[in-house]
Amino acid sequence: MTLQKDNPSHPDTILPSLRDIAFVCPLCRGELDVADQAYRCEPCSSTYPLHGGIPDFRVFADPYISLRQDAQRTELVLGVLEEYDLRRLLDYYWSHSDITPPDLKAKFIRNALLAERRGRRLVQVLENGPFRQSAIPRRVLEVGSGTGNFLVAAAGRYEQVVGTDIAMRWLHISRRRAREAGQADPALVCCCAEHLPFADRTFDLAVSSATLEFTREPGRALAEGSRVLRNGGGFLLNTANRYSIAVNPYAYLWGLDICRAPGNPATFAGGGKLRSTWCECFRSERLNSSRSSTSRLWRSLFPTSTMSRCKPSRRSHVCK
Ligand SMILES: [Zn+2]
């Protein structure tokens with residue numbers, strides 16, 4: 001088990017919002033040293049640099065573009081970050097994608113601009129119902145923070161909210177969203193959901209919305225989210241329903257996966273049934289911070305270990 005340092009050391013250029021977080025090596029979970037404005041893990045000889053103050057702990061690239069392409073797009077974003085507002089920044093970003101159809105670009109931009117409503121809904125779920133806690137959570141982690149809609153909605157409600165994403169470019173765009181909300185740069189870390197660079201039990205709550213379905217190993221991502229939660233912490237999961245007849249939230253097509261026959265409703269051991277319906281796009285789930293819960297939720301959501309059997313909906317559900 002890895003424990004947090006009392007006084008973690010960081011490169012000088014790191015975002016101020018990250019200074020009291022103790023990182024560990026995402027590969028071997030060893031302690032990190034600082035050298036030449038980067039983190040260095042002696043046990044596995046890994047080096048993790050910073051880009052614009054954000055640590056880069058990725059151990060593999062995101063599923064859509066290479067690390068080199070992500071670096072190129074990050075430079076584009078950084079070049080206009082101080083000058084452009086969020087809308088113009090998104091327009092500028094998508095103007096450099098020559099493989100995305102124009103109508104889809106427009107939908108992606110609109111979706112990002114309206115995303116703060118989704119962030120506020122997640123905050124409401126955390127503060128009510130099954131996620132309500134007797135003490136206000138101190139540290140909250142978002143796995144897959146994208147353009148920062150939850151980070152902006154949750155800022156000020158908790159002592160610290162840390163956003164993570166495998167795309168460095170989105171993390172920098174989320175800085176612009178925070179500034180337009182009158183907030184300082186959020187605590188942002190670039191990493192893989194399957195290899196979080198945090199010590200065990202660092203966070204009181206974790207949130208992951210519309211991210212699990214894009215990970216290489218969703219089961220490992222669930223286990224990592226559980227590992228970094230303190231005992232009794234909650235993990236709010238929200239994933240796309242690939243059986244829905246409603247508009248697919250990514251391709252914007254109706255009934256995209258309706259031809260796939262759903263199986264019987266999955267059942268949690270000691271919990272209720274996952275009663276998904278075909279007209280719901282997303283489902284939110286609570287995962288308690290224990291490995292057995294991780295395993296049960298994983299088997300329930302992905303009974304054949306493939307994404308095609310995921311049957312989420314919009315409701316919240318407690319997994320005990
Ligand atoms: Zn290491």
# chains A, B, ... in the order shown; residues from 1 in each chain; ligands from 1
call {"tool": "closest_atom_pairs", "arguments": {"of": "chain A", "to": "ligand 1", "cutoff": "7 Å", "atoms": "only C-alpha atoms and all ligand atoms", "output": "tab-separated table"}}
result
residue	atom	partner	partner_atom_place_in_ligand_line	distance
A:Cys25	CA	ligand 1	1 (Zn)	4.5
A:Pro26	CA	ligand 1	1 (Zn)	6.6
A:Leu27	CA	ligand 1	1 (Zn)	5.1
A:Cys28	CA	ligand 1	1 (Zn)	4.1
A:Arg29	CA	ligand 1	1 (Zn)	5.8
A:Gly30	CA	ligand 1	1 (Zn)	5.1
A:Cys41	CA	ligand 1	1 (Zn)	4.7
A:Glu42	CA	ligand 1	1 (Zn)	6.6
A:Pro43	CA	ligand 1	1 (Zn)	5.4
A:Cys44	CA	ligand 1	1 (Zn)	4.2
A:Ser45	CA	ligand 1	1 (Zn)	6.4
A:Ser46	CA	ligand 1	1 (Zn)	5.8
call {"tool": "select_by_dssp", "arguments": {"residues": "region 44-272 of chain A", "states": "helix (DSSP H, G or I)", "output": "ChimeraX atom specification"}}
result
/A:67-80,86-94,102-113,115-127,129-131,149-154,168-180,212-214,218-227
call {"tool": "residues_around", "arguments": {"residues": "region 114-117 of chain A", "least_positions_apart": "6", "cutoff": "8 Å", "atoms": "only C-alpha atoms", "output": "JSON list (two decimals) with N, CA and C atoms, in the first residue's frame"}}
result
[["chain", "number", "residue", "atom", "x", "y", "z"],
["A", 149, "ASN", "N", -16.34, 20.59, -17.29],
["A", 149, "ASN", "CA", -17.68, 21.05, -16.85],
["A", 149, "ASN", "C", -17.97, 20.70, -15.40],
["A", 150, "PHE", "N", -17.61, 19.48, -14.97],
["A", 150, "PHE", "CA", -17.82, 19.13, -13.56],
["A", 150, "PHE", "C", -16.87, 19.92, -12.66],
["A", 152, "VAL", "N", -15.72, 22.90, -12.95],
["A", 152, "VAL", "CA", -16.22, 24.26, -12.72],
["A", 152, "VAL", "C", -17.44, 24.23, -11.81],
["A", 153, "ALA", "N", -18.33, 23.25, -12.03],
["A", 153, "ALA", "CA", -19.54, 23.16, -11.19],
["A", 153, "ALA", "C", -19.21, 22.81, -9.74]]
call {"tool": "atom_distance", "arguments": {"atom1": "CA of Leu171 (chain A)", "atom2": "CA of Asp200 (chain A)"}}
result
23.4 Å
call {"tool": "residues_around", "arguments": {"residues": "region 71-81 of chain A", "least_positions_apart": "2", "cutoff": "9 Å", "atoms": "only C-alpha atoms", "output": "ChimeraX atom specification"}}
result
/A:51-52,66-69,83-86,89,92-93,96,167-170,172-173,175-176
call {"tool": "atom_distance", "arguments": {"atom1": "CA of Arg110 (chain A)", "atom2": "CA of Val125 (chain A)"}}
result
23.7 Å
call {"tool": "atom_distance", "arguments": {"atom1": "CA of Ser208 (chain A)", "atom2": "CA of Arg227 (chain A)"}}
result
14.4 Å
call {"tool": "closest_residue", "arguments": {"among": "A:Arg19, A:Arg157, A:Arg177, A:Arg230", "to": "Val123 (chain A)", "atoms": "only C-alpha atoms"}}
result
A:Arg157
call {"tool": "closest_residue", "arguments": {"among": "A:Arg139, A:His10, A:Arg118, A:Arg179", "to": "Asn238 (chain A)", "atoms": "only C-alpha atoms"}}
result
A:Arg118
call {"tool": "closest_residue", "arguments": {"among": "A:Leu104, A:Val161, A:Leu205, A:Ala155", "to": "Gln183 (chain A)", "atoms": "only C-alpha atoms"}}
result
A:Ala155
call {"tool": "residues_around", "arguments": {"residues": "Ala193 (chain A)", "least_positions_apart": "2", "cutoff": "10 Å", "atoms": "only C-alpha atoms", "output": "CSV table (one decimal) with N, CA and C atoms, in the first residue's frame"}}
result
chain,number,residue,atom,x,y,z
A,26,PRO,N,2.7,6.0,-11.8
A,26,PRO,CA,1.5,5.3,-12.3
A,26,PRO,C,1.7,3.8,-12.7
A,58,ARG,N,0.9,9.9,-18.4
A,58,ARG,CA,0.3,8.9,-19.3
A,58,ARG,C,1.3,7.8,-19.5
A,142,GLU,N,-12.1,13.6,-10.4
A,142,GLU,CA,-12.8,13.3,-11.6
A,142,GLU,C,-11.9,12.5,-12.5
A,143,VAL,N,-12.4,11.4,-12.9
A,143,VAL,CA,-11.6,10.5,-13.9
A,143,VAL,C,-12.3,10.8,-15.3
A,144,GLY,N,-11.5,11.5,-16.2
A,144,GLY,CA,-12.0,11.9,-17.5
A,144,GLY,C,-12.7,13.2,-17.4
A,164,THR,N,-8.7,14.7,-14.0
A,164,THR,CA,-7.7,13.9,-14.8
A,164,THR,C,-8.3,13.6,-16.1
A,165,ASP,N,-7.4,13.5,-17.1
A,165,ASP,CA,-7.8,13.1,-18.5
A,165,ASP,C,-6.6,12.6,-19.2
A,166,ILE,N,-6.9,11.7,-20.2
A,166,ILE,CA,-5.8,11.2,-21.0
A,166,ILE,C,-5.4,12.2,-22.1
A,190,CYS,N,-2.7,14.9,-16.3
A,190,CYS,CA,-2.9,14.1,-17.5
A,190,CYS,C,-2.4,12.7,-17.2
A,191,CYS,N,-3.3,11.7,-17.3
A,191,CYS,CA,-3.0,10.3,-17.0
A,191,CYS,C,-4.0,9.4,-17.5
A,195,HIS,N,-4.2,3.7,-14.8
A,195,HIS,CA,-3.0,3.9,-14.1
A,195,HIS,C,-3.0,5.3,-13.4
A,196,LEU,N,-3.7,5.4,-12.3
A,196,LEU,CA,-3.8,6.7,-11.7
A,196,LEU,C,-2.5,7.0,-10.9
A,197,PRO,N,-2.0,8.2,-10.9
A,197,PRO,CA,-0.7,8.5,-10.3
A,197,PRO,C,-0.9,9.0,-8.8
A,208,SER,N,-16.8,9.7,-12.5
A,208,SER,CA,-16.4,9.5,-13.8
A,208,SER,C,-17.7,9.5,-14.7
A,211,THR,N,-16.9,8.3,-19.5
A,211,THR,CA,-15.5,8.0,-19.7
A,211,THR,C,-15.2,6.5,-19.8
A,212,LEU,N,-15.8,5.8,-18.9
A,212,LEU,CA,-15.5,4.3,-18.8
A,212,LEU,C,-15.6,3.6,-20.1
A,214,PHE,N,-14.7,4.6,-22.9
A,214,PHE,CA,-13.6,4.9,-23.8
A,214,PHE,C,-12.3,4.3,-23.3
A,215,THR,N,-12.3,3.7,-22.2
A,215,THR,CA,-11.0,3.2,-21.6
A,215,THR,C,-10.6,1.9,-22.3
A,216,ARG,N,-9.3,1.6,-22.3
A,216,ARG,CA,-8.8,0.3,-22.8
A,216,ARG,C,-9.3,-0.9,-21.9
A,217,GLU,N,-9.2,-0.7,-20.6
A,217,GLU,CA,-9.5,-1.7,-19.7
A,217,GLU,C,-10.5,-1.2,-18.6
A,218,PRO,N,-11.8,-1.2,-18.9
A,218,PRO,CA,-12.7,-0.6,-17.9
A,218,PRO,C,-12.7,-1.2,-16.5
A,220,ARG,N,-10.0,-2.4,-15.0
A,220,ARG,CA,-8.9,-1.8,-14.3
A,220,ARG,C,-9.1,-0.4,-13.9
A,221,ALA,N,-9.8,0.4,-14.7
A,221,ALA,CA,-10.2,1.8,-14.4
A,221,ALA,C,-11.0,1.8,-13.1
A,222,LEU,N,-12.0,0.9,-13.0
A,222,LEU,CA,-12.8,0.8,-11.8
A,222,LEU,C,-12.0,0.5,-10.6
A,223,ALA,N,-11.1,-0.5,-10.8
A,223,ALA,CA,-10.2,-0.9,-9.6
A,223,ALA,C,-9.4,0.3,-9.2
A,224,GLU,N,-8.8,1.1,-10.1
A,224,GLU,CA,-8.0,2.2,-9.8
A,224,GLU,C,-8.8,3.3,-9.1
A,225,GLY,N,-10.0,3.6,-9.6
A,225,GLY,CA,-10.8,4.5,-8.9
A,225,GLY,C,-11.1,4.1,-7.5
call {"tool": "closest_residue", "arguments": {"among": "A:Leu229, A:Tyr158, A:Leu237, A:Ala178", "to": "Ile136 (chain A)", "atoms": "only C-alpha atoms"}}
result
A:Tyr158
call {"tool": "closest_residue", "arguments": {"among": "A:Gln124, A:Arg40, A:Pro63, A:Thr47", "to": "Glu213 (chain A)", "atoms": "only C-alpha atoms"}}
result
A:Pro63
call {"tool": "decode", "arguments": {"residues": "region 126-198 of chain A", "atoms": "C-alpha atoms", "output": "PDB file, in the first residue's frame"}}
result
ATOM      1  CA  LEU A 126     -23.186  13.835  -5.139  1.00  0.00           C
ATOM      2  CA  GLU A 127     -24.856  16.114  -2.621  1.00  0.00           C
ATOM      3  CA  ASN A 128     -28.159  14.266  -2.398  1.00  0.00           C
ATOM      4  CA  GLY A 129     -29.443  10.738  -2.115  1.00  0.00           C
ATOM      5  CA  PRO A 130     -27.004   7.839  -1.844  1.00  0.00           C
ATOM      6  CA  PHE A 131     -23.886  10.011  -2.074  1.00  0.00           C
ATOM      7  CA  ARG A 132     -24.794  12.319   0.780  1.00  0.00           C
ATOM      8  CA  GLN A 133     -22.165  12.136   3.538  1.00  0.00           C
ATOM      9  CA  SER A 134     -22.264  13.338   7.138  1.00  0.00           C
ATOM     10  CA  ALA A 135     -19.060  15.356   6.630  1.00  0.00           C
ATOM     11  CA  ILE A 136     -18.338  17.456   3.545  1.00  0.00           C
ATOM     12  CA  PRO A 137     -15.856  15.522   1.388  1.00  0.00           C
ATOM     13  CA  ARG A 138     -12.441  17.178   1.247  1.00  0.00           C
ATOM     14  CA  ARG A 139     -10.892  15.791  -1.888  1.00  0.00           C
ATOM     15  CA  VAL A 140     -12.865  14.849  -5.001  1.00  0.00           C
ATOM     16  CA  LEU A 141     -11.386  13.190  -8.085  1.00  0.00           C
ATOM     17  CA  GLU A 142     -12.828  13.280 -11.568  1.00  0.00           C
ATOM     18  CA  VAL A 143     -11.629  10.545 -13.919  1.00  0.00           C
ATOM     19  CA  GLY A 144     -12.030  11.858 -17.471  1.00  0.00           C
ATOM     20  CA  SER A 145     -12.623  15.543 -16.776  1.00  0.00           C
ATOM     21  CA  GLY A 146     -12.633  16.540 -20.480  1.00  0.00           C
ATOM     22  CA  THR A 147     -13.297  20.247 -20.933  1.00  0.00           C
ATOM     23  CA  GLY A 148     -13.900  20.731 -17.202  1.00  0.00           C
ATOM     24  CA  ASN A 149     -17.675  21.051 -16.855  1.00  0.00           C
ATOM     25  CA  PHE A 150     -17.815  19.125 -13.560  1.00  0.00           C
ATOM     26  CA  LEU A 151     -14.658  20.832 -12.279  1.00  0.00           C
ATOM     27  CA  VAL A 152     -16.225  24.257 -12.725  1.00  0.00           C
ATOM     28  CA  ALA A 153     -19.540  23.158 -11.195  1.00  0.00           C
ATOM     29  CA  ALA A 154     -17.827  21.549  -8.184  1.00  0.00           C
ATOM     30  CA  ALA A 155     -15.247  24.293  -7.516  1.00  0.00           C
ATOM     31  CA  GLY A 156     -15.758  25.905  -4.123  1.00  0.00           C
ATOM     32  CA  ARG A 157     -18.032  23.116  -2.884  1.00  0.00           C
ATOM     33  CA  TYR A 158     -15.113  20.930  -1.819  1.00  0.00           C
ATOM     34  CA  GLU A 159     -11.661  21.712  -0.468  1.00  0.00           C
ATOM     35  CA  GLN A 160     -10.035  20.297  -3.581  1.00  0.00           C
ATOM     36  CA  VAL A 161     -11.304  18.909  -6.884  1.00  0.00           C
ATOM     37  CA  VAL A 162      -8.747  17.177  -9.108  1.00  0.00           C
ATOM     38  CA  GLY A 163      -9.466  16.610 -12.786  1.00  0.00           C
ATOM     39  CA  THR A 164      -7.704  13.904 -14.773  1.00  0.00           C
ATOM     40  CA  ASP A 165      -7.838  13.115 -18.470  1.00  0.00           C
ATOM     41  CA  ILE A 166      -5.793  11.176 -20.997  1.00  0.00           C
ATOM     42  CA  ALA A 167      -5.992  14.146 -23.415  1.00  0.00           C
ATOM     43  CA  MET A 168      -3.625  16.966 -22.503  1.00  0.00           C
ATOM     44  CA  ARG A 169      -5.393  19.219 -25.022  1.00  0.00           C
ATOM     45  CA  TRP A 170      -8.739  18.972 -23.204  1.00  0.00           C
ATOM     46  CA  LEU A 171      -7.146  19.696 -19.847  1.00  0.00           C
ATOM     47  CA  HIS A 172      -5.779  22.998 -21.151  1.00  0.00           C
ATOM     48  CA  ILE A 173      -9.145  23.866 -22.711  1.00  0.00           C
ATOM     49  CA  SER A 174     -10.711  23.262 -19.282  1.00  0.00           C
ATOM     50  CA  ARG A 175      -8.431  26.010 -17.885  1.00  0.00           C
ATOM     51  CA  ARG A 176     -10.197  28.474 -20.190  1.00  0.00           C
ATOM     52  CA  ARG A 177     -13.615  27.295 -18.989  1.00  0.00           C
ATOM     53  CA  ALA A 178     -12.546  27.840 -15.374  1.00  0.00           C
ATOM     54  CA  ARG A 179     -11.256  31.330 -16.099  1.00  0.00           C
ATOM     55  CA  GLU A 180     -14.528  32.333 -17.737  1.00  0.00           C
ATOM     56  CA  ALA A 181     -16.281  31.193 -14.571  1.00  0.00           C
ATOM     57  CA  GLY A 182     -14.004  33.507 -12.562  1.00  0.00           C
ATOM     58  CA  GLN A 183     -12.045  30.582 -11.114  1.00  0.00           C
ATOM     59  CA  ALA A 184      -8.328  29.872 -10.816  1.00  0.00           C
ATOM     60  CA  ASP A 185      -6.764  27.058 -12.840  1.00  0.00           C
ATOM     61  CA  PRO A 186      -8.205  23.751 -11.557  1.00  0.00           C
ATOM     62  CA  ALA A 187      -5.962  20.953 -10.285  1.00  0.00           C
ATOM     63  CA  LEU A 188      -5.314  19.040 -13.526  1.00  0.00           C
ATOM     64  CA  VAL A 189      -3.383  15.829 -14.140  1.00  0.00           C
ATOM     65  CA  CYS A 190      -2.870  14.074 -17.471  1.00  0.00           C
ATOM     66  CA  CYS A 191      -2.979  10.312 -16.951  1.00  0.00           C
ATOM     67  CA  CYS A 192      -4.653   7.044 -17.914  1.00  0.00           C
ATOM     68  CA  ALA A 193      -7.730   5.971 -15.940  1.00  0.00           C
ATOM     69  CA  GLU A 194      -6.174   2.508 -15.655  1.00  0.00           C
ATOM     70  CA  HIS A 195      -2.963   3.890 -14.073  1.00  0.00           C
ATOM     71  CA  LEU A 196      -3.782   6.731 -11.688  1.00  0.00           C
ATOM     72  CA  PRO A 197      -0.698   8.510 -10.253  1.00  0.00           C
ATOM     73  CA  PHE A 198      -2.176   8.919  -6.770  1.00  0.00           C
TER      74      PHE A 198
END
